[in-house]
Amino acid sequence: MFMSLRRLTSPFFLAAALCAVVVSGCTKYAPYEGETFDCECGMLEWDGRELGMRMAEVESLGGNTYRYHVVADVRTPAELEARSEPRNLVLTLTTEINGSNTNLSLNVGDPALTVQQVESPGTGVDWDMAGASLSIAVGEDAHTMVLGGLTATRGNNSIDASGEIIFSLAD
């Protein structure tokens, strides 16, 4: 009798232990709530809505000449929620800085400022710069660009942009 009970309980305990391992071994994660990257380097308003800032970088080209790179996320809130492929606005300004404050007024097509929209997986669409006014303040640890007005066109589409972007010099 003792032997037959042992034979019966051994497979039962083995199956119960296997079941417990399988059930407890499942990992459960909290649902993805969607995070967007923001470099906290200012703000850029594009066509009436504030964009998430991805990058603001200043590069010294020697002497008083600097190149400013700005990257902002142009996806709509619905596209962000749906985790759509990235779509970024890229502004590049190359200019000479005179003193601690420089004011610029750029005319249509000025090569100093380029505006491009980059779609994933890397397709770029150029916007024509139709004019811009901006000022750059140079501090000890940052450059601050105030974009008072930028108009960019592509085909029949015209967009106005403005903002304040901080380029940190601390690495």
# chains A, B, ... in the order shown; residues from 1 in each chain; ligands from 1
call {"tool": "residues_around", "arguments": {"residues": "range 119-131 of chain A", "least_positions_apart": "6", "cutoff": "6 Å", "atoms": "only C-alpha atoms", "output": "JSON, numbers by chain"}}
result
{"A": [85, 86, 87, 106, 107, 108, 109, 150, 151, 152, 153, 154]}
call {"tool": "write_last_selection", "arguments": {"atoms": "N, CA, C and O atoms", "output": "short mmCIF file (atom, residue, chain, number, x, y, z; two decimals), in the first residue's frame"}}
result
data_model
loop_
_atom_site.label_atom_id
_atom_site.label_comp_id
_atom_site.auth_asym_id
_atom_site.auth_seq_id
_atom_site.Cartn_x
_atom_site.Cartn_y
_atom_site.Cartn_z
N GLU A 85 6.92 56.48 -36.67
CA GLU A 85 8.34 56.67 -36.98
C GLU A 85 8.74 58.13 -36.76
O GLU A 85 7.94 59.03 -36.98
N PRO A 86 9.98 58.38 -36.35
CA PRO A 86 10.43 59.75 -36.09
C PRO A 86 10.34 60.64 -37.32
O PRO A 86 10.51 60.19 -38.46
N ARG A 87 10.06 61.90 -37.08
CA ARG A 87 10.04 62.94 -38.11
C ARG A 87 10.55 64.20 -37.42
O ARG A 87 9.92 64.71 -36.52
N LEU A 106 17.68 87.73 -41.73
CA LEU A 106 18.04 86.94 -42.90
C LEU A 106 16.96 87.07 -43.97
O LEU A 106 15.77 87.01 -43.67
N ASN A 107 17.39 87.24 -45.19
CA ASN A 107 16.48 87.37 -46.33
C ASN A 107 16.19 86.02 -46.96
O ASN A 107 16.85 85.02 -46.66
N VAL A 108 15.26 86.00 -47.87
CA VAL A 108 14.86 84.79 -48.58
C VAL A 108 16.09 84.09 -49.15
O VAL A 108 16.93 84.71 -49.80
N GLY A 109 16.18 82.80 -48.87
CA GLY A 109 17.22 81.98 -49.45
C GLY A 109 18.61 82.18 -48.89
O GLY A 109 19.58 81.62 -49.42
N LEU A 150 10.55 83.17 -38.14
CA LEU A 150 11.10 82.41 -39.26
C LEU A 150 9.92 81.99 -40.11
O LEU A 150 8.91 81.51 -39.59
N THR A 151 10.04 82.20 -41.40
CA THR A 151 9.03 81.71 -42.33
C THR A 151 9.71 80.74 -43.27
O THR A 151 10.74 81.06 -43.86
N ALA A 152 9.16 79.54 -43.37
CA ALA A 152 9.69 78.51 -44.25
C ALA A 152 8.58 78.07 -45.19
O ALA A 152 7.42 77.98 -44.79
N THR A 153 8.95 77.80 -46.45
CA THR A 153 7.96 77.37 -47.43
C THR A 153 8.42 76.09 -48.11
O THR A 153 9.61 75.85 -48.29
N ARG A 154 7.44 75.30 -48.49
CA ARG A 154 7.66 74.09 -49.27
C ARG A 154 6.43 73.92 -50.13
O ARG A 154 5.33 73.68 -49.61
#
call {"tool": "residues_around", "arguments": {"residues": "Leu61 in chain A", "least_positions_apart": "3", "cutoff": "10 Å", "atoms": "only C-alpha atoms", "output": "count of residues only"}}
result
8
call {"tool": "closest_residue", "arguments": {"among": "A:Cys39, A:Ile166, A:Gly155, A:Arg54", "to": "Leu89 in chain A", "atoms": "only C-alpha atoms"}}
result
A:Arg54
call {"tool": "atom_distance", "arguments": {"atom1": "CA of Met53 in chain A", "atom2": "CA of Leu91 in chain A"}}
result
11.7 Å
call {"tool": "select_by_dssp", "arguments": {"residues": "range 21-143 of chain A", "states": "strand (DSSP E)", "output": "ChimeraX atom specification"}}
result
/A:42-46,49-60,65-73,87-96,101-106,113-119,123-138,142-143
call {"tool": "closest_residue", "arguments": {"among": "A:Leu134, A:Ile165, A:Met43, A:Val74", "to": "Leu104 in chain A", "atoms": "only C-alpha atoms"}}
result
A:Leu134
call {"tool": "closest_residue", "arguments": {"among": "A:Gly139, A:Gly62, A:Gly99, A:Gly48", "to": "Ser162 in chain A", "atoms": "only C-alpha atoms"}}
result
A:Gly48
call {"tool": "atom_distance", "arguments": {"atom1": "CA of Val118 in chain A", "atom2": "CA of Met145 in chain A"}}
result
22.1 Å
call {"tool": "residues_around", "arguments": {"residues": "Leu51 in chain A", "least_positions_apart": "6", "cutoff": "10 Å", "atoms": "only C-alpha atoms", "output": "PDB file with N, CA, C and O atoms, in the first residue's frame"}}
result
ATOM      1  N   ASP A  38      13.169  64.898 -24.568  1.00  0.00           N
ATOM      2  CA  ASP A  38      13.236  66.354 -24.615  1.00  0.00           C
ATOM      3  C   ASP A  38      14.552  66.756 -23.968  1.00  0.00           C
ATOM      4  O   ASP A  38      14.798  66.426 -22.810  1.00  0.00           O
ATOM      5  N   MET A  43      12.575  75.980 -26.355  1.00  0.00           N
ATOM      6  CA  MET A  43      11.316  75.623 -27.026  1.00  0.00           C
ATOM      7  C   MET A  43      11.322  76.171 -28.443  1.00  0.00           C
ATOM      8  O   MET A  43      11.981  77.157 -28.738  1.00  0.00           O
ATOM      9  N   LEU A  44      10.596  75.481 -29.309  1.00  0.00           N
ATOM     10  CA  LEU A  44      10.440  75.900 -30.691  1.00  0.00           C
ATOM     11  C   LEU A  44       8.977  75.727 -31.064  1.00  0.00           C
ATOM     12  O   LEU A  44       8.423  74.637 -30.909  1.00  0.00           O
ATOM     13  N   GLU A  45       8.369  76.818 -31.497  1.00  0.00           N
ATOM     14  CA  GLU A  45       6.983  76.754 -31.966  1.00  0.00           C
ATOM     15  C   GLU A  45       7.017  76.697 -33.482  1.00  0.00           C
ATOM     16  O   GLU A  45       7.643  77.532 -34.140  1.00  0.00           O
ATOM     17  N   VAL A  71      17.491  70.323 -33.426  1.00  0.00           N
ATOM     18  CA  VAL A  71      16.655  69.215 -33.884  1.00  0.00           C
ATOM     19  C   VAL A  71      15.415  69.168 -32.996  1.00  0.00           C
ATOM     20  O   VAL A  71      15.525  69.134 -31.768  1.00  0.00           O
ATOM     21  N   ALA A  72      14.243  69.193 -33.637  1.00  0.00           N
ATOM     22  CA  ALA A  72      12.972  69.153 -32.904  1.00  0.00           C
ATOM     23  C   ALA A  72      12.057  68.107 -33.539  1.00  0.00           C
ATOM     24  O   ALA A  72      12.104  67.863 -34.748  1.00  0.00           O
ATOM     25  N   ASP A  73      11.227  67.484 -32.730  1.00  0.00           N
ATOM     26  CA  ASP A  73      10.302  66.425 -33.154  1.00  0.00           C
ATOM     27  C   ASP A  73       9.017  67.055 -33.681  1.00  0.00           C
ATOM     28  O   ASP A  73       8.313  67.731 -32.937  1.00  0.00           O
ATOM     29  N   VAL A  74       8.694  66.858 -34.959  1.00  0.00           N
ATOM     30  CA  VAL A  74       7.490  67.472 -35.534  1.00  0.00           C
ATOM     31  C   VAL A  74       6.270  66.539 -35.559  1.00  0.00           C
ATOM     32  O   VAL A  74       5.222  66.906 -36.080  1.00  0.00           O
ATOM     33  N   ARG A  75       6.391  65.364 -34.952  1.00  0.00           N
ATOM     34  CA  ARG A  75       5.223  64.473 -34.915  1.00  0.00           C
ATOM     35  C   ARG A  75       4.115  65.104 -34.071  1.00  0.00           C
ATOM     36  O   ARG A  75       4.374  65.806 -33.100  1.00  0.00           O
ATOM     37  N   THR A  76       2.893  64.839 -34.455  1.00  0.00           N
ATOM     38  CA  THR A  76       1.737  65.328 -33.702  1.00  0.00           C
ATOM     39  C   THR A  76       1.577  64.500 -32.430  1.00  0.00           C
ATOM     40  O   THR A  76       2.123  63.390 -32.333  1.00  0.00           O
ATOM     41  N   PRO A  77       0.815  65.001 -31.439  1.00  0.00           N
ATOM     42  CA  PRO A  77       0.582  64.201 -30.236  1.00  0.00           C
ATOM     43  C   PRO A  77      -0.006  62.812 -30.548  1.00  0.00           C
ATOM     44  O   PRO A  77       0.368  61.823 -29.909  1.00  0.00           O
ATOM     45  N   ASN A  88      11.723  64.662 -37.842  1.00  0.00           N
ATOM     46  CA  ASN A  88      12.391  65.753 -37.151  1.00  0.00           C
ATOM     47  C   ASN A  88      12.579  66.969 -38.041  1.00  0.00           C
ATOM     48  O   ASN A  88      12.795  66.843 -39.242  1.00  0.00           O
ATOM     49  N   LEU A  89      12.550  68.112 -37.414  1.00  0.00           N
ATOM     50  CA  LEU A  89      12.877  69.372 -38.051  1.00  0.00           C
ATOM     51  C   LEU A  89      14.322  69.680 -37.669  1.00  0.00           C
ATOM     52  O   LEU A  89      14.689  69.607 -36.493  1.00  0.00           O
ATOM     53  N   GLY A 163      10.861  80.899 -31.267  1.00  0.00           N
ATOM     54  CA  GLY A 163      11.268  80.146 -30.093  1.00  0.00           C
ATOM     55  C   GLY A 163      12.499  80.706 -29.432  1.00  0.00           C
ATOM     56  O   GLY A 163      13.079  81.702 -29.877  1.00  0.00           O
TER      57      GLY A 163
END
call {"tool": "atom_distance", "arguments": {"atom1": "CA of Cys41 in chain A", "atom2": "CA of Ser168 in chain A"}}
result
7.9 Å
call {"tool": "select_by_dssp", "arguments": {"residues": "range 26-153 of chain A", "states": "alpha helix (DSSP H)", "output": "ChimeraX atom specification"}}
result
/A:77-81
call {"tool": "closest_residue", "arguments": {"among": "A:Val90, A:Val138, A:Val70, A:Ala78", "to": "Asn103 in chain A", "atoms": "only C-alpha atoms"}}
result
A:Val138
